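Note: the block below is model-v7.pdb and it holds PDB, C-alpha atoms.
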```
ATOM      1  CA  MET F   1      90.021 136.617 -36.675
ATOM      2  CA  GLY F   2      90.444 135.337 -33.125
ATOM      3  CA  GLN F   3      86.673 135.088 -32.709
ATOM      4  CA  VAL F   4      86.457 132.967 -35.859
ATOM      5  CA  PHE F   5      89.001 130.497 -34.482
ATOM      6  CA  LEU F   6      87.107 130.355 -31.194
ATOM      7  CA  LEU F   7      83.869 129.571 -33.027
ATOM      8  CA  MET F   8      85.367 126.698 -35.014
ATOM      9  CA  PRO F   9      85.605 124.198 -32.103
ATOM     10  CA  VAL F  10      82.069 125.105 -31.007
ATOM     11  CA  LEU F  11      80.704 124.445 -34.481
ATOM     12  CA  LEU F  12      82.574 121.158 -34.739
ATOM     13  CA  VAL F  13      81.272 119.977 -31.366
ATOM     14  CA  SER F  14      77.736 121.010 -32.351
ATOM     15  CA  CYS F  15      78.066 119.097 -35.624
ATOM     16  CA  PHE F  16      79.285 115.945 -33.883
ATOM     17  CA  LEU F  17      76.496 116.158 -31.311
ATOM     18  CA  SER F  18      73.929 116.542 -34.085
ATOM     19  CA  GLN F  19      75.331 113.545 -35.959
ATOM     20  CA  GLY F  20      75.358 111.521 -32.754
ATOM     21  CA  ALA F  21      71.713 112.347 -32.059
ATOM     22  CA  ALA F  22      70.753 111.377 -35.608
ATOM     23  CA  MET F  23      72.589 108.050 -35.318
ATOM     24  CA  GLU F  24      70.928 107.282 -31.978
ATOM     25  CA  ASN F  25      67.528 108.181 -33.433
ATOM     26  CA  GLN F  26      68.106 105.841 -36.363
ATOM     27  CA  ARG F  27      69.205 103.069 -33.998
ATOM     28  CA  LEU F  28      65.975 103.442 -32.012
ATOM     29  CA  PHE F  29      63.939 103.334 -35.216
ATOM     30  CA  ASN F  30      65.712 100.144 -36.296
ATOM     31  CA  ILE F  31      64.950  98.492 -32.951
ATOM     32  CA  ALA F  32      61.313  99.594 -33.024
ATOM     33  CA  VAL F  33      60.746  98.354 -36.573
ATOM     34  CA  ASN F  34      62.430  95.014 -35.834
ATOM     35  CA  ARG F  35      60.274  94.510 -32.753
ATOM     36  CA  VAL F  36      56.988  95.316 -34.429
ATOM     37  CA  GLN F  37      57.910  93.089 -37.379
ATOM     38  CA  HIS F  38      58.406  90.246 -34.904
ATOM     39  CA  LEU F  39      55.056  90.994 -33.264
ATOM     40  CA  HIS F  40      53.326  91.077 -36.640
ATOM     41  CA  LEU F  41      54.820  87.721 -37.623
ATOM     42  CA  LEU F  42      53.799  86.267 -34.269
ATOM     43  CA  ALA F  43      50.265  87.630 -34.676
ATOM     44  CA  GLN F  44      50.090  86.160 -38.188
ATOM     45  CA  LYS F  45      51.248  82.756 -36.935
ATOM     46  CA  MET F  46      48.764  82.686 -34.065
ATOM     47  CA  PHE F  47      45.936  83.679 -36.390
ATOM     48  CA  ASN F  48      46.904  81.057 -38.960
ATOM     49  CA  ASP F  49      47.222  78.373 -36.280
ATOM     50  CA  PHE F  50      43.783  79.246 -34.947
ATOM     51  CA  GLU F  51      42.280  79.180 -38.447
ATOM     52  CA  GLY F  52      43.869  75.767 -38.917
ATOM     53  CA  THR F  53      41.677  74.411 -36.131
ATOM     54  CA  LEU F  54      38.489  75.511 -37.923
ATOM     55  CA  LEU F  55      36.451  73.815 -40.583
ATOM     56  CA  SER F  56      36.408  75.384 -44.052
ATOM     57  CA  ASP F  57      32.823  76.564 -43.678
ATOM     58  CA  GLU F  58      33.623  78.079 -40.282
ATOM     59  CA  ARG F  59      36.567  80.008 -41.720
ATOM     60  CA  ARG F  60      34.526  81.418 -44.597
ATOM     61  CA  GLN F  61      31.671  82.432 -42.334
ATOM     62  CA  LEU F  62      33.929  84.065 -39.747
ATOM     63  CA  ASN F  63      35.807  85.960 -42.423
ATOM     64  CA  LYS F  64      32.558  87.380 -43.809
ATOM     65  CA  ILE F  65      31.417  88.411 -40.337
ATOM     66  CA  PHE F  66      34.766  90.048 -39.502
ATOM     67  CA  LEU F  67      34.698  92.155 -42.657
ATOM     68  CA  LEU F  68      31.379  93.608 -41.500
ATOM     69  CA  ASP F  69      32.504  94.020 -37.887
ATOM     70  CA  PHE F  70      35.106  96.326 -36.364
ATOM     71  CA  CYS F  71      38.090  96.352 -34.043
ATOM     72  CA  ASN F  72      38.017  98.442 -30.889
ATOM     73  CA  SER F  73      41.155 100.236 -32.041
ATOM     74  CA  ASP F  74      39.272 101.504 -35.103
ATOM     75  CA  SER F  75      38.287 104.413 -32.857
ATOM     76  CA  ILE F  76      41.912 105.611 -33.149
ATOM     77  CA  VAL F  77      41.956 107.943 -36.131
ATOM     78  CA  SER F  78      44.598 106.685 -38.563
ATOM     79  CA  PRO F  79      45.397 106.914 -42.291
ATOM     80  CA  ILE F  80      42.820 105.091 -44.390
ATOM     81  CA  ASP F  81      45.144 104.166 -47.247
ATOM     82  CA  LYS F  82      48.731 104.257 -48.523
ATOM     83  CA  GLN F  83      48.376 107.773 -49.926
ATOM     84  CA  GLU F  84      47.233 109.202 -46.605
ATOM     85  CA  THR F  85      50.001 107.352 -44.788
ATOM     86  CA  GLN F  86      52.580 108.898 -47.110
ATOM     87  CA  LYS F  87      51.184 112.381 -46.432
ATOM     88  CA  SER F  88      51.191 111.984 -42.651
ATOM     89  CA  SER F  89      54.027 113.519 -40.649
ATOM     90  CA  VAL F  90      56.557 111.384 -38.783
ATOM     91  CA  LEU F  91      55.220 112.663 -35.478
ATOM     92  CA  LYS F  92      51.637 111.786 -36.394
ATOM     93  CA  LEU F  93      52.624 108.264 -37.432
ATOM     94  CA  LEU F  94      54.508 107.803 -34.175
ATOM     95  CA  HIS F  95      51.565 109.018 -32.085
ATOM     96  CA  ILE F  96      49.157 106.657 -33.866
ATOM     97  CA  SER F  97      51.588 103.760 -33.453
ATOM     98  CA  PHE F  98      51.939 104.554 -29.747
ATOM     99  CA  ARG F  99      48.164 104.504 -29.225
ATOM    100  CA  LEU F 100      47.721 101.270 -31.168
ATOM    101  CA  ILE F 101      50.417  99.523 -29.144
ATOM    102  CA  GLU F 102      49.015 100.959 -25.924
ATOM    103  CA  SER F 103      45.561  99.675 -26.835
ATOM    104  CA  TRP F 104      46.880  96.083 -26.783
ATOM    105  CA  GLU F 105      48.858  96.146 -23.534
ATOM    106  CA  TYR F 106      45.946  94.874 -21.476
ATOM    107  CA  PRO F 107      44.134  92.685 -24.042
ATOM    108  CA  SER F 108      47.426  90.964 -24.941
ATOM    109  CA  GLN F 109      46.948  89.074 -21.698
ATOM    110  CA  THR F 110      43.720  87.697 -23.162
ATOM    111  CA  LEU F 111      45.505  86.243 -26.188
ATOM    112  CA  ALA F 112      46.286  83.115 -24.166
ATOM    113  CA  ILE F 113      42.805  81.737 -24.725
ATOM    114  CA  SER F 114      42.685  79.389 -27.650
ATOM    115  CA  ASN F 115      45.640  77.042 -27.886
ATOM    116  CA  SER F 116      48.978  76.101 -26.359
ATOM    117  CA  LEU F 117      50.954  78.365 -28.717
ATOM    118  CA  MET F 118      49.170  81.420 -27.335
ATOM    119  CA  VAL F 119      49.718  80.310 -23.767
ATOM    120  CA  ARG F 120      53.451  80.007 -24.350
ATOM    121  CA  ASN F 121      53.662  83.384 -26.082
ATOM    122  CA  SER F 122      51.216  85.504 -24.068
ATOM    123  CA  ASN F 123      53.805  86.834 -21.593
ATOM    124  CA  GLN F 124      56.292  87.364 -24.401
ATOM    125  CA  ILE F 125      53.753  89.438 -26.327
ATOM    126  CA  SER F 126      52.872  91.625 -23.325
ATOM    127  CA  GLU F 127      56.549  92.307 -22.619
ATOM    128  CA  LYS F 128      57.326  93.120 -26.239
ATOM    129  CA  LEU F 129      54.352  95.475 -26.468
ATOM    130  CA  SER F 130      55.451  97.270 -23.315
ATOM    131  CA  ASP F 131      59.052  97.596 -24.547
ATOM    132  CA  LEU F 132      57.891  98.816 -27.937
ATOM    133  CA  LYS F 133      55.653 101.463 -26.344
ATOM    134  CA  VAL F 134      58.633 102.797 -24.371
ATOM    135  CA  GLY F 135      60.734 102.875 -27.549
ATOM    136  CA  ILE F 136      58.072 104.720 -29.547
ATOM    137  CA  ASN F 137      57.707 107.240 -26.728
ATOM    138  CA  LEU F 138      61.459 107.941 -26.944
ATOM    139  CA  LEU F 139      61.139 108.414 -30.705
ATOM    140  CA  ILE F 140      58.262 110.851 -30.177
ATOM    141  CA  LYS F 141      60.339 112.902 -27.739
ATOM    142  CA  GLY F 142      63.217 112.928 -30.202
ATOM    143  CA  SER F 143      61.001 113.981 -33.115
ATOM    144  CA  GLN F 144      58.738 116.631 -31.640
ATOM    145  CA  ASP F 145      61.374 119.407 -31.455
ATOM    146  CA  GLY F 146      59.688 121.382 -28.744
ATOM    147  CA  VAL F 147      56.083 121.009 -29.875
ATOM    148  CA  LEU F 148      53.459 119.512 -27.590
ATOM    149  CA  SER F 149      53.553 115.730 -27.487
ATOM    150  CA  LEU F 150      49.841 115.446 -28.275
ATOM    151  CA  ASP F 151      47.779 117.609 -30.586
ATOM    152  CA  ASP F 152      44.008 117.982 -30.458
ATOM    153  CA  ASN F 153      43.408 114.863 -32.526
ATOM    154  CA  ASP F 154      45.821 112.754 -30.508
ATOM    155  CA  SER F 155      44.285 113.749 -27.185
ATOM    156  CA  GLN F 156      40.914 112.248 -28.004
ATOM    157  CA  HIS F 157      39.334 110.131 -25.301
ATOM    158  CA  LEU F 158      39.508 106.469 -26.209
ATOM    159  CA  PRO F 159      37.081 103.753 -25.047
ATOM    160  CA  PRO F 160      38.037 101.261 -22.326
ATOM    161  CA  TYR F 161      39.975  98.622 -24.259
ATOM    162  CA  GLY F 162      40.131  96.248 -21.323
ATOM    163  CA  ASN F 163      36.368  95.783 -21.040
ATOM    164  CA  TYR F 164      35.905  95.275 -24.771
ATOM    165  CA  TYR F 165      38.635  92.684 -25.267
ATOM    166  CA  GLN F 166      37.877  90.965 -21.995
ATOM    167  CA  ASN F 167      34.470  90.162 -23.451
ATOM    168  CA  LEU F 168      36.106  88.690 -26.548
ATOM    169  CA  GLY F 169      38.248  86.053 -24.932
ATOM    170  CA  GLY F 170      38.162  83.258 -22.453
ATOM    171  CA  ASP F 171      34.647  81.965 -22.982
ATOM    172  CA  GLY F 172      35.266  79.468 -25.762
ATOM    173  CA  ASN F 173      33.377  81.578 -28.280
ATOM    174  CA  ILE F 174      35.020  80.863 -31.643
ATOM    175  CA  ARG F 175      33.799  84.064 -33.258
ATOM    176  CA  ARG F 176      35.113  86.244 -30.458
ATOM    177  CA  ASN F 177      38.489  84.536 -30.407
ATOM    178  CA  TYR F 178      38.711  84.889 -34.175
ATOM    179  CA  GLU F 179      37.987  88.612 -33.952
ATOM    180  CA  LEU F 180      40.535  89.114 -31.193
ATOM    181  CA  LEU F 181      43.327  87.504 -33.201
ATOM    182  CA  ALA F 182      42.289  89.147 -36.460
ATOM    183  CA  CYS F 183      42.263  92.581 -34.831
ATOM    184  CA  PHE F 184      45.661  92.003 -33.236
ATOM    185  CA  LYS F 185      47.152  90.966 -36.575
ATOM    186  CA  LYS F 186      45.546  93.951 -38.302
ATOM    187  CA  ASP F 187      46.863  96.476 -35.768
ATOM    188  CA  MET F 188      50.399  95.066 -35.730
ATOM    189  CA  HIS F 189      50.450  95.369 -39.520
ATOM    190  CA  LYS F 190      49.367  98.995 -39.212
ATOM    191  CA  VAL F 191      52.093  99.814 -36.698
ATOM    192  CA  GLU F 192      54.717  98.044 -38.795
ATOM    193  CA  THR F 193      53.694 100.138 -41.809
ATOM    194  CA  TYR F 194      53.670 103.441 -39.914
ATOM    195  CA  LEU F 195      57.015 102.876 -38.197
ATOM    196  CA  THR F 196      58.653 101.722 -41.429
ATOM    197  CA  VAL F 197      57.525 104.887 -43.243
ATOM    198  CA  ALA F 198      58.585 107.094 -40.315
ATOM    199  CA  LYS F 199      62.000 105.415 -40.164
ATOM    200  CA  CYS F 200      62.495 105.922 -43.891
ATOM    201  CA  ARG F 201      61.599 109.617 -43.620
ATOM    202  CA  LYS F 202      64.085 110.139 -40.798
ATOM    203  CA  SER F 203      66.838 108.391 -42.747
ATOM    204  CA  LEU F 204      66.257 110.781 -45.676
ATOM    205  CA  GLU F 205      66.084 107.926 -48.161
ATOM    206  CA  ALA F 206      65.146 108.936 -51.693
ATOM    207  CA  ASN F 207      62.121 106.665 -51.951
ATOM    208  CA  CYS F 208      59.825 105.942 -49.011
ATOM    209  CA  THR F 209      56.840 104.653 -50.984
ATOM    210  CA  LEU F 210      54.906 101.673 -49.660
TER     211      LEU F 210
END
```
For this file, produce the structure as structure tokens.
Amino acid sequence: MGQVFLLMPVLLVSCFLSQGAAMENQRLFNIAVNRVQHLHLLAQKMFNDFEGTLLSDERRQLNKIFLLDFCNSDSIVSPIDKQETQKSSVLKLLHISFRLIESWEYPSQTLAISNSLMVRNSNQISEKLSDLKVGINLLIKGSQDGVLSLDDNDSQHLPPYGNYYQNLGGDGNIRRNYELLACFKKDMHKVETYLTVAKCRKSLEANCTL
């Protein structure tokens, strides 16, 4: 009987610690989702503002070209549709999000190429990307439960983002600037989707459908 009473405080402390860890994890998810939502909105605004400087024929032509082209981050293996996203584990979604954010840390400096809005926001974007990467890394550590941080698929060698995006910006080429902004908007939307699904899974909500 005495051993039972001795175990009770230990169990209670363990329970409180577990609840505290879960609350902290949820807080980090909330921060990460809020930050990527802000980045996605900013990317959307910059893209729309840039499109607003183009003629109608230019917009249509660039849109057709972009649909046939690709973003450098397409080399990062990620879910191809909503169904695959739903089937992916929280850890996988976090790893993909981390790599997508990481892929824009350097090229975000090249976003200040087309108009005054980008110039004002370029430093803000780089800082937010860096902060978000740190936050996602903390979420990965809190979600992996002792498994390796990178599996075979995650440890793939990625191409040099800096060289690719450096060639896109800064030379006044409308097509290249369009692609840079379109790719940034596309990737921020991906990360927002993945982090939102991961957050929902961790909160044990009944319905996490997209």
Practice task
Report as a ChimeraX atom specification the full result of the PyMOL selection byres ((chain F and resi 34) around 12) when it is applied to this structure.
Solution key: /F:27-33,35-41,128,132,135,191-193,195-196,199
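Here atom CA of Leu100 of chain F and atom CA of Asn173 of chain F stand 24.5 Å from one another.
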Problem - Within 12 Å of Lys45 of chain F using only C-alpha atoms, minus same-chain residues under 2 positions, as a ChimeraX atom specification - result: /F:38-43,47-52,117-118,121,181-182,184-185
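For the structure shown here, the set of residues caught by the PyMOL selection byres ((chain F and resi 179) around 9) is Leu62, Phe66, Asp69, Phe70, Cys71, Leu168, Ile174, Arg175, Arg176, Asn177, Tyr178, Leu180, Leu181, Ala182, Cys183 and Phe184 of chain F.
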Completion exercise
In Å and to one decimal, atom CA of Ala198 of chain F is distant from atom CA of Leu91 of chain F by 8.1 Å
Problem - Pick from F:Asn72, F:Gln61, F:Asn137, F:Ser143 nearest to Ser103 of chain F, counting only C-alpha atoms - result: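 Smallest distance to Ser103 of chain F is found for F:Asn72.
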Handout entry: Separation of atom CA of Ser108 of chain F from atom CA of Ser126 of chain F in Å
Key =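 We find that atom CA of Ser126 of chain F and atom CA of Ser108 of chain F lie 5.7 Å from each other.
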The centre and edge lengths of an axis-aligned box containing all atoms of segment 43-62 of chain F present in the file, extended by 3 Å on each side, are to be given in Å to one decimal, as JSON.
```
{"center_x": 41.5, "center_y": 80.7, "center_z": -39.3, "size_x": 25.6, "size_y": 19.8, "size_z": 16.5}
```
